[in-house]
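Here the structure comes first, spelled out in structure tokens, and everything after it is commentary.
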Amino acid sequence: MLWNNIIVALRNLRKNKAFAAINISGLAIGLTIYVFGGLLVEYENTHDRSFANVDRIYTIGGTAAPDLNVGVDKFNSTFMAVAPLIKAELTDIDAVARTRNNEYLLTMGPDSFYEGVRFADPELLTIFDFIYLHGDSTALDDPTGLLITETTAIKYFGRTDVIGEVVTFDNEFDFSITAVIEDPPLNSHFNSLIIADQGFGVVAPFRALNTLRDYDADVGDWNNLSLGDMTYVMLPESLDQAWLQTQANRIFDTLVPEDEGEALASFDVHPLSYANVAIWDMIGMPVISTIALLSMLVLLVACVNYTNLATAQSLGRTREVGMRKTMGATQTQLLTQFLVESLVIAAIAMVFAIAILEIIIPLFNNAANKNLTLDYVATMPWLLLTTALVGLFAGVYPAWLITKTNPIEALRDIARKGKKGSLVRSFMIGAQFAISAFMLAMVTIVFLQNEKVKEASYIFPRSEIYTLDRLNVEGISDRLETLRHELEALPNVDTVAYSSQVPYEQNNSQNSLTPVPGDEAANIIFMNMRMSPEFLDAYDIPLLEGRNLSRDITNDVRAEETESLNILINEMSAAKMGFDKPIDALNQRLYSTSEEATVREYVIVGVVPTQNIVGFFNEEKPWIFQYSPTSLRIGSVRITGGNMMDSVESIEDVWDRVIPDYPMQGSFLDETFDGVYNVLKYMNLALGIFAFVAMSLALIGLFGLAAFMATQRTKEIGVRKVLGASATQIARLLVWQFSTPVLWALLVALPGAYFATQGYLNFFADRIESPIPILIISGLLAVMLAWLTIAGHAIRIARSNPILALRYE
Amino acid sequence: MLKLHNMYKVYSTDEVETVALNGVNLEIEQGDFVAIMGPSGCGKSTLLNIVGMLDNASEGDYFFFDENIAGYSESQRSEIRKQNVGFIFQNFNLIEELSVAENIELALLYHDMPSAERKKRVANVMDRMGIAHRAKHMPGQLSGGQQQRVAVARAVVGDQPLILADEPTGNLDSVHGQEVMELLRSLNKEGTTIVMVTHSPAHADYAHRTVNLFDGHIVTENTRAA
């Protein structure tokens, strides 16, 4: 019986090749998207499985304090002072280790490169069982030891047997290579922290910071919460995450000094697998779960598509069903037959989907630097289950509908053609279009918001700025003024400024100051920019009131002994201080309540407009601007006119002349902007692909259904034409048949898209105007696409000879 | 073999009530060949559907092999029908996607019968009907007469004691129609009971008895000499 059912299924496909192609291709596309999405989600959620202790390793992060206002709600890192507390307090754990990232100029042999260095406690090599090519897990016990990866070894030395080779940090501090490991796999969180450049090529002992930075590694610090500064805890088998969370809560409540760690509301314990996806939680964008949801929606559209078409097609098989019932088939046997047919189609579609994935996955891996695989052994149960569920889910309604046919009506062929199940069919068309129009509307709004972000970024002349990074090295900082003068002498170089950060960088350096001396309760959190006086000119920032800072005025320049410092503020800062007009803030003061602060008093000498310096999804914030010559990390060279690349070459020449002992780290500010903007752009690209596929499926289904229903109405159309209906009237009749569910779909989809996009738009300080016109246009576009799809068929049918239609009947 | 006693069949819609069978009493013995005739709309097909257990009467008794099956559910009727009744239709009702052999085998698929046994029976009946050489052909490749032979083969392959034929020659020319009637006669001679609806007096003459219906009543019954 089963074999007979399969044969009938295959022959039916052969008999109706066009509809078979539509059905199978629709399901294949849906399955491709669903399986790909599933593989990607699984990949992102199961990083680090190659490490033996993965199920016992946890990370310590935190929840941001409510008034922190740095654009993120969660951190996947914590202060470097936490690990020593954990080590002292929790004697039951197996190990705890910190990592912290800093960039240094590394000299290996004749070459020097800026390289991200990961400083780690030696216990890191106990927690993670790296594969050693040379050396072993004691590599970080020596405070001058270095562990490097295979790629780093080959990059610098051309070989991996480099134990004992010397690496100099910042032309001053010598380290010796004590181990070389295989590169961590691509699906490891060491390779996947996307915002900052967090490579894992060079690992130094944490204790080395004592020498490099005058740091106390045994105590750590409560000052910095940087992305990628991790704290790992490995538990014995007998303890679990809940236990660790309880201990972390206790430590937070009882051992964190009261005036430290104000940035956090709590410590959060996560399994290691979370580290890879933490970034999305931090910025509040549920990217991974969105991918999972969209994949399912696309598959749902594909299934609804199939169900609709199969329901319509099944009307042509009522006579067969009637015959089978006459010969004694029960409804269960007939249901089984039609479900088998549906499963056969699903299986064929899955085979096509797998073939497509075998092409797509390598392309994706190459583009996204990932290592997604389709492991048939591991995924076969899931693929089979998906095939079965899709076949059953998509096929159950048409199977039920056709098998409840009355055999008498079926054999006399007096079943009401086209009418059976038409309400459900209309509902399904509506559901497909609702999902597709929803996605289309969202894509449009997200695209326009991204364009708004790009447009808003042009408050700064980013296409004219060339930045020079890593200037806050002792060997460079005393030559910055010489460098500035030499650069400003170049043709086409307008201005050279130095600062602690540039626009669009996701840095959040803050300062807590009060307008009332000694009153901590009146503290206001300001964003803190350290800049040279040229910064305002370089970035076209106007002065609203007062004057700019000057290196010729003593109190404008922050030095070691400065107790009172002149600063600029922005308008928002003035408002926070209670001044209605910026001019009222001039000569007012802010005070530090921190006992460790060297500068006790800040005097406001100028006010600039409120601008979104960090940009993107950050809100506008109150800023203070101070001139601190020793804290200037990055230079901004404003180039106007001439050829940009020629100017860059000239800048390189000047650099080589003034600072020959350090390599220049130059880049266009546009690249800094693109580094973050591309995340938004690629997210929308992914959403666009989903929307395109969903809409294509809906239109393919509509096309097939229109063709089939037109066939069902051949006699009616013939009769109408004989009675005098024009081709236009016939076409309109057919088009309108499908328009009603499409229009109803928009009534559901567009409000849904409105509410969904509000969540996305709320991320941004600069938002597009009301999205309602955009939603309406998206809806009209969806309707136009539907009409175009149906119109072709409708016109062809409407023009056919009525006699042929009636003779056919 | 079967006995209808005081049978009524009423079709009701919101506005109209149609009495298709109006107190019909009919007895058919095993081995009978009965023709049912009457004008369009007189209830012939309704009578055949009830005899064939495709439908239930609104009122009355139906004894089939002494079992009163009036009021049985669809699944109960289906089980009895499967074992006892074969059907032949005016428009053949062959399944386009199945070959001749597969169409015939379809009648056995819903029985608990091993595949080898099914195939053997199908081969035998195709030989009997003279269509063995067309076993692998699809219905669309056959003439009307050949298709009806296949339908007859399908109706008899299960050795059901009762064959119901609803205008079996209605779509055939006279030559092929006669061929089909000869087939039915020979089946009847072998012991199969046949009840046939027909418009053709010539074809009705093949039957032992003709029942004439009018407006849901049996108005006359004519028995032919053997």
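Residue numbering restarts at 1 for every chain of the structure tokens, chains are lettered A, B, ... in their displayed order, and ligands are numbered from 1 as they appear.
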Exercise. Up to 7 Å from chain A, what residues of chain B turn up? Count only C-alpha atoms and give them as a list of chain:residue names.
Key: B:Leu54, B:Ser75, B:Ser78, B:Glu79, B:Arg81, B:Lys82, B:Asn93, B:Ile95, B:Glu97, B:Ala107, B:Leu109, B:Tyr110
Requested write-out: N, CA and C atoms of the selected residues, as an mmCIF file, in the first residue's frame:
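Output contents, as saved in out-v2.cif:
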```cif
data_model
loop_
_atom_site.group_PDB
_atom_site.id
_atom_site.type_symbol
_atom_site.label_atom_id
_atom_site.label_comp_id
_atom_site.auth_asym_id
_atom_site.auth_seq_id
_atom_site.Cartn_x
_atom_site.Cartn_y
_atom_site.Cartn_z
ATOM 1 N N LEU B 54 -23.797 2.947 -0.801
ATOM 2 C CA LEU B 54 -23.125 4.242 -0.865
ATOM 3 C C LEU B 54 -23.907 5.297 -0.098
ATOM 4 N N SER B 75 -18.618 3.640 7.853
ATOM 5 C CA SER B 75 -17.517 2.672 7.967
ATOM 6 C C SER B 75 -18.068 1.240 7.967
ATOM 7 N N SER B 78 -19.076 0.543 4.436
ATOM 8 C CA SER B 78 -17.873 0.429 3.618
ATOM 9 C C SER B 78 -17.291 -0.971 3.716
ATOM 10 N N GLU B 79 -17.282 -1.512 4.893
ATOM 11 C CA GLU B 79 -16.716 -2.841 5.107
ATOM 12 C C GLU B 79 -17.534 -3.905 4.375
ATOM 13 N N ARG B 81 -19.588 -3.339 1.856
ATOM 14 C CA ARG B 81 -19.520 -3.026 0.415
ATOM 15 C C ARG B 81 -18.237 -3.576 -0.193
ATOM 16 N N LYS B 82 -17.145 -3.407 0.544
ATOM 17 C CA LYS B 82 -15.836 -3.841 0.059
ATOM 18 C C LYS B 82 -15.846 -5.338 -0.230
ATOM 19 N N ASN B 93 -14.697 5.887 -14.592
ATOM 20 C CA ASN B 93 -14.048 6.248 -13.324
ATOM 21 C C ASN B 93 -12.739 5.513 -13.077
ATOM 22 N N ILE B 95 -8.632 5.618 -12.736
ATOM 23 C CA ILE B 95 -7.708 6.632 -12.222
ATOM 24 C C ILE B 95 -6.598 6.821 -13.239
ATOM 25 N N GLU B 97 -3.742 8.158 -13.279
ATOM 26 C CA GLU B 97 -2.309 8.000 -12.962
ATOM 27 C C GLU B 97 -1.902 6.535 -12.810
ATOM 28 N N ALA B 107 -8.899 -2.403 -6.544
ATOM 29 C CA ALA B 107 -10.071 -2.982 -5.874
ATOM 30 C C ALA B 107 -9.659 -3.967 -4.793
ATOM 31 N N LEU B 109 -6.653 -3.581 -3.046
ATOM 32 C CA LEU B 109 -5.683 -2.953 -2.153
ATOM 33 C C LEU B 109 -6.221 -2.755 -0.747
ATOM 34 N N TYR B 110 -7.513 -2.576 -0.655
ATOM 35 C CA TYR B 110 -8.094 -2.267 0.648
ATOM 36 C C TYR B 110 -8.569 -3.521 1.377
#
```
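Every protein or nucleic acid residue with an atom no more than 12 Å from A:Glu237, counting only C-alpha atoms and leaving out same-chain residues fewer than 6 positions away, appears here: Asn53, Val54, Asp55, Arg56, Ile57, Asp92, Ile93, Asp94 and Trp243 of chain A.
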Limited to C-alpha atoms, could you put the picked residues into a file as a PDB file, in the first residue's frame?
```pdb
ATOM      1  CA  ASN A  53      35.657  21.745  30.074  1.00  0.00           C
ATOM      2  CA  VAL A  54      33.120  23.823  28.181  1.00  0.00           C
ATOM      3  CA  ASP A  55      30.191  22.729  30.342  1.00  0.00           C
ATOM      4  CA  ARG A  56      31.991  23.792  33.522  1.00  0.00           C
ATOM      5  CA  ILE A  57      33.197  27.202  32.356  1.00  0.00           C
ATOM      6  CA  ASP A  92      35.398  25.433  46.004  1.00  0.00           C
ATOM      7  CA  ILE A  93      35.927  26.464  42.412  1.00  0.00           C
ATOM      8  CA  ASP A  94      38.485  24.819  40.150  1.00  0.00           C
ATOM      9  CA  TRP A 243      25.459  28.217  42.839  1.00  0.00           C
TER      10      TRP A 243
END
```
Contact residues around stretch 75-91 of chain A with only C-alpha atoms at 8 Å, ignoring same-chain residues under 6 positions, as a tab-separated table (two decimals) with all heavy atoms, in the first residue's frame:
```tsv
chain	number	residue	atom	x	y	z
A	59	THR	N	31.24	32.70	32.58
A	59	THR	CA	31.82	34.04	32.52
A	59	THR	C	31.05	34.95	33.47
A	59	THR	O	29.87	34.72	33.76
A	59	THR	CB	31.75	34.63	31.11
A	59	THR	OG1	30.37	34.68	30.70
A	59	THR	CG2	32.52	33.80	30.12
A	60	ILE	N	31.75	35.96	33.97
A	60	ILE	CA	31.11	36.93	34.86
A	60	ILE	C	30.92	38.22	34.09
A	60	ILE	O	31.89	38.83	33.63
A	60	ILE	CB	32.00	37.22	36.10
A	60	ILE	CG1	32.43	35.92	36.77
A	60	ILE	CG2	31.25	38.13	37.07
A	60	ILE	CD1	31.35	35.16	37.48
A	61	GLY	N	29.67	38.60	33.93
A	61	GLY	CA	29.35	39.86	33.28
A	61	GLY	C	28.57	40.71	34.27
A	61	GLY	O	28.65	40.51	35.48
A	62	GLY	N	27.79	41.63	33.73
A	62	GLY	CA	27.02	42.48	34.64
A	62	GLY	C	25.88	43.19	33.94
A	62	GLY	O	25.83	43.28	32.71
A	63	THR	N	24.96	43.67	34.76
A	63	THR	CA	23.87	44.51	34.28
A	63	THR	C	24.21	45.95	34.57
A	63	THR	O	24.65	46.27	35.68
A	63	THR	CB	22.55	44.14	34.99
A	63	THR	OG1	22.26	42.77	34.72
A	63	THR	CG2	21.41	44.99	34.49
A	64	ALA	N	24.03	46.83	33.58
A	64	ALA	CA	24.39	48.24	33.76
A	64	ALA	C	23.48	48.91	34.78
A	64	ALA	O	22.29	48.59	34.88
A	64	ALA	CB	24.29	48.96	32.41
A	97	ALA	N	40.14	33.01	36.04
A	97	ALA	CA	41.16	33.72	35.27
A	97	ALA	C	40.53	34.93	34.60
A	97	ALA	O	39.38	34.87	34.17
A	97	ALA	CB	41.79	32.81	34.22
A	98	ARG	N	41.34	36.00	34.50
A	98	ARG	CA	40.89	37.20	33.81
A	98	ARG	C	41.63	37.30	32.49
A	98	ARG	O	42.75	36.81	32.35
A	98	ARG	CB	41.25	38.47	34.58
A	98	ARG	CG	40.74	38.55	35.96
A	98	ARG	CD	41.51	39.60	36.74
A	98	ARG	NE	42.83	39.14	37.13
A	98	ARG	CZ	43.64	39.81	37.91
A	98	ARG	NH1	43.26	41.00	38.40
A	98	ARG	NH2	44.83	39.33	38.24
A	100	ARG	N	42.43	40.60	29.64
A	100	ARG	CA	42.24	42.01	29.34
A	100	ARG	C	43.01	42.33	28.09
A	100	ARG	O	44.11	41.83	27.89
A	100	ARG	CB	42.78	42.81	30.52
A	100	ARG	CG	42.82	44.28	30.27
A	100	ARG	CD	43.47	44.98	31.43
A	100	ARG	NE	43.72	46.36	31.07
A	100	ARG	CZ	43.67	47.37	31.93
A	100	ARG	NH1	43.39	47.15	33.20
A	100	ARG	NH2	43.90	48.59	31.53
A	218	ASP	N	47.57	41.91	41.25
A	218	ASP	CA	47.00	41.11	42.34
A	218	ASP	C	45.66	41.69	42.80
A	218	ASP	O	44.79	40.97	43.27
A	218	ASP	CB	47.96	41.06	43.53
A	218	ASP	CG	49.17	40.20	43.22
A	218	ASP	OD1	49.06	39.32	42.33
A	218	ASP	OD2	50.24	40.42	43.83
A	219	VAL	N	45.51	43.00	42.64
A	219	VAL	CA	44.28	43.67	43.10
A	219	VAL	C	43.33	43.95	41.94
A	219	VAL	O	42.12	43.86	42.07
A	219	VAL	CB	44.63	44.98	43.83
A	219	VAL	CG1	43.38	45.76	44.18
A	219	VAL	CG2	45.45	44.68	45.08
A	220	GLY	N	43.90	44.30	40.79
A	220	GLY	CA	43.06	44.68	39.65
A	220	GLY	C	42.57	46.12	39.82
A	220	GLY	O	43.18	46.90	40.53
A	221	ASP	N	41.47	46.45	39.11
A	221	ASP	CA	40.95	47.81	39.20
A	221	ASP	C	39.44	47.81	39.03
A	221	ASP	O	38.84	46.84	38.54
A	221	ASP	CB	41.59	48.70	38.12
A	221	ASP	CG	41.09	48.37	36.72
A	221	ASP	OD1	40.06	48.97	36.29
A	221	ASP	OD2	41.69	47.50	36.08
A	222	TRP	N	38.82	48.92	39.44
A	222	TRP	CA	37.37	49.12	39.31
A	222	TRP	C	37.06	50.22	38.31
A	222	TRP	O	36.00	50.84	38.36
A	222	TRP	CB	36.78	49.52	40.67
A	222	TRP	CG	36.89	48.46	41.71
A	222	TRP	CD1	37.81	48.40	42.71
A	222	TRP	CD2	36.08	47.30	41.85
A	222	TRP	NE1	37.62	47.27	43.48
A	222	TRP	CE2	36.56	46.58	42.97
A	222	TRP	CE3	34.99	46.78	41.15
A	222	TRP	CZ2	36.00	45.38	43.40
A	222	TRP	CZ3	34.42	45.58	41.57
A	222	TRP	CH2	34.93	44.89	42.68
A	223	ASN	N	37.97	50.44	37.38
A	223	ASN	CA	37.83	51.61	36.52
A	223	ASN	C	37.24	51.32	35.15
A	223	ASN	O	36.57	52.15	34.58
A	223	ASN	CB	39.20	52.29	36.33
A	223	ASN	CG	39.75	52.77	37.64
A	223	ASN	OD1	38.99	53.17	38.51
A	223	ASN	ND2	41.07	52.73	37.79
A	224	ASN	N	37.57	50.19	34.60
A	224	ASN	CA	37.24	49.96	33.19
A	224	ASN	C	36.32	48.78	33.01
A	224	ASN	O	36.51	47.72	33.59
A	224	ASN	CB	38.51	49.70	32.37
A	224	ASN	CG	39.37	50.93	32.29
A	224	ASN	OD1	38.91	51.98	31.86
A	224	ASN	ND2	40.62	50.81	32.74
A	225	LEU	N	35.32	48.98	32.16
A	225	LEU	CA	34.47	47.88	31.72
A	225	LEU	C	34.59	47.84	30.20
A	225	LEU	O	33.87	48.53	29.49
A	225	LEU	CB	33.01	48.15	32.10
A	225	LEU	CG	32.54	47.69	33.46
A	225	LEU	CD1	31.10	48.12	33.68
A	225	LEU	CD2	32.67	46.19	33.62
A	226	SER	N	35.56	47.09	29.70
A	226	SER	CA	35.76	47.06	28.25
A	226	SER	C	35.25	45.77	27.67
A	226	SER	O	35.41	44.70	28.25
A	226	SER	CB	37.26	47.20	27.94
A	226	SER	OG	37.71	48.45	28.37
A	227	LEU	N	34.65	45.91	26.49
A	227	LEU	CA	34.18	44.72	25.79
A	227	LEU	C	35.33	43.76	25.60
A	227	LEU	O	36.41	44.13	25.15
A	227	LEU	CB	33.64	45.15	24.42
A	227	LEU	CG	33.09	44.04	23.54
A	227	LEU	CD1	31.78	43.54	24.09
A	227	LEU	CD2	32.87	44.57	22.13
A	228	GLY	N	35.14	42.53	25.97
A	228	GLY	CA	36.17	41.53	25.75
A	228	GLY	C	37.10	41.33	26.92
A	228	GLY	O	37.89	40.39	26.92
A	229	ASP	N	37.04	42.19	27.93
A	229	ASP	CA	37.82	41.94	29.16
A	229	ASP	C	37.03	40.92	29.97
A	229	ASP	O	36.06	41.25	30.63
A	229	ASP	CB	38.01	43.22	29.97
A	229	ASP	CG	39.01	44.16	29.33
A	229	ASP	OD1	39.63	43.76	28.32
A	229	ASP	OD2	39.16	45.28	29.83
A	230	MET	N	37.48	39.68	29.91
A	230	MET	CA	36.65	38.58	30.42
A	230	MET	C	37.13	38.09	31.76
A	230	MET	O	38.32	38.16	32.09
A	230	MET	CB	36.67	37.41	29.43
A	230	MET	CG	36.29	37.77	28.02
A	230	MET	SD	34.56	38.21	27.87
A	230	MET	CE	33.80	36.61	28.01
A	231	THR	N	36.19	37.55	32.53
A	231	THR	CA	36.52	36.83	33.76
A	231	THR	C	35.88	35.45	33.66
A	231	THR	O	34.65	35.34	33.53
A	231	THR	CB	36.01	37.57	35.00
A	231	THR	OG1	36.63	38.85	35.07
A	231	THR	CG2	36.29	36.78	36.27
A	247	GLN	N	26.75	33.02	44.65
A	247	GLN	CA	28.00	33.52	45.23
A	247	GLN	C	28.36	34.88	44.66
A	247	GLN	O	28.84	35.78	45.37
A	247	GLN	CB	29.15	32.52	44.95
A	247	GLN	CG	28.91	31.12	45.51
A	247	GLN	CD	28.58	31.15	46.98
A	247	GLN	OE1	29.22	31.84	47.78
A	247	GLN	NE2	27.56	30.40	47.36
A	251	ILE	N	28.98	38.34	46.67
A	251	ILE	CA	30.20	39.13	46.54
A	251	ILE	C	29.86	40.56	46.14
A	251	ILE	O	30.43	41.52	46.66
A	251	ILE	CB	31.16	38.48	45.53
A	251	ILE	CG1	31.71	37.17	46.10
A	251	ILE	CG2	32.30	39.42	45.14
A	251	ILE	CD1	32.51	36.35	45.12
A	255	LEU	N	31.13	42.64	49.13
A	255	LEU	CA	32.58	42.83	49.02
A	255	LEU	C	33.00	43.92	48.03
A	255	LEU	O	34.14	44.35	48.05
A	255	LEU	CB	33.25	41.51	48.60
A	255	LEU	CG	33.12	40.39	49.64
A	255	LEU	CD1	33.73	39.09	49.12
A	255	LEU	CD2	33.81	40.80	50.94
A	261	GLY	N	32.53	50.29	41.31
A	261	GLY	CA	31.56	49.44	40.64
A	261	GLY	C	30.19	50.08	40.52
A	261	GLY	O	29.19	49.40	40.39
A	267	PHE	N	26.23	41.51	39.26
A	267	PHE	CA	27.04	40.60	38.45
A	267	PHE	C	26.10	39.58	37.81
A	267	PHE	O	25.13	39.14	38.42
A	267	PHE	CB	28.05	39.84	39.31
A	267	PHE	CG	29.16	40.70	39.87
A	267	PHE	CD1	29.72	40.42	41.11
A	267	PHE	CD2	29.66	41.79	39.16
A	267	PHE	CE1	30.75	41.19	41.62
A	267	PHE	CE2	30.68	42.57	39.67
A	267	PHE	CZ	31.22	42.27	40.91
A	275	ALA	N	29.08	33.68	25.61
A	275	ALA	CA	30.06	34.72	25.28
A	275	ALA	C	30.00	35.13	23.82
A	275	ALA	O	30.21	36.29	23.48
A	275	ALA	CB	31.48	34.22	25.63
A	278	ALA	N	26.76	37.32	23.39
A	278	ALA	CA	26.50	38.34	24.41
A	278	ALA	C	26.36	39.73	23.80
A	278	ALA	O	25.59	40.56	24.29
A	278	ALA	CB	27.64	38.34	25.43
A	279	ILE	N	27.11	39.98	22.73
A	279	ILE	CA	27.12	41.33	22.16
A	279	ILE	C	25.70	41.78	21.79
A	279	ILE	O	25.33	42.95	21.94
A	279	ILE	CB	28.06	41.38	20.92
A	279	ILE	CG1	28.17	42.81	20.38
A	279	ILE	CG2	27.58	40.46	19.82
A	279	ILE	CD1	28.82	43.75	21.32
A	282	MET	N	23.86	42.80	24.76
A	282	MET	CA	24.38	44.06	25.29
A	282	MET	C	23.72	45.26	24.63
A	282	MET	O	23.36	46.23	25.29
A	282	MET	CB	25.89	44.14	25.07
A	282	MET	CG	26.70	43.32	26.05
A	282	MET	SD	28.43	43.29	25.63
A	282	MET	CE	28.86	45.02	25.74
```
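Atom CA of B:Val100 is positioned 8.5 Å from atom CA of B:Gln147.
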Residues of stretch 125-224 of chain B at most 12 Å from stretch 1-17 of chain B: nearest atom pair and distance in Å, only C-alpha atoms, as a Markdown table:
```
| residue | atom | partner | partner_atom | distance |
| --- | --- | --- | --- | --- |
| B:Pro161 | CA | B:Met1 | CA | 9.4 |
| B:Leu162 | CA | B:Met1 | CA | 9.1 |
| B:Thr192 | CA | B:Met1 | CA | 11.3 |
| B:Thr193 | CA | B:Met1 | CA | 8.9 |
| B:Ile194 | CA | B:Met1 | CA | 11.4 |
| B:Val195 | CA | B:Leu2 | CA | 11.1 |
| B:Asp215 | CA | B:Lys9 | CA | 11.6 |
| B:Gly216 | CA | B:Tyr8 | CA | 8.5 |
| B:His217 | CA | B:Tyr8 | CA | 9.7 |
| B:Ile218 | CA | B:Met7 | CA | 11.1 |
```
Self-check item: Shell of 6 Å around stretch 162-171 of chain A, only C-alpha atoms, local chain residues under 2 positions omitted, as a ChimeraX atom specification
Solution: /A:105-108,160,173-178
Quiz item: Quick one: residues within 12 Å of A:Asp670, only C-alpha atoms counted, chain neighbours fewer than 2 positions away excluded, as number ranges by chain?
Solution: A: 454, 457-458, 460-467, 502-505, 666-668, 672-678
Exercise. Please provide as a PyMOL selection string all residues within 7 Å of A:Thr610, with the sequence filter that same-chain residues fewer than 2 positions apart are discarded (counting only C-alpha atoms).
Key: chain A and resi 570-572+608+612
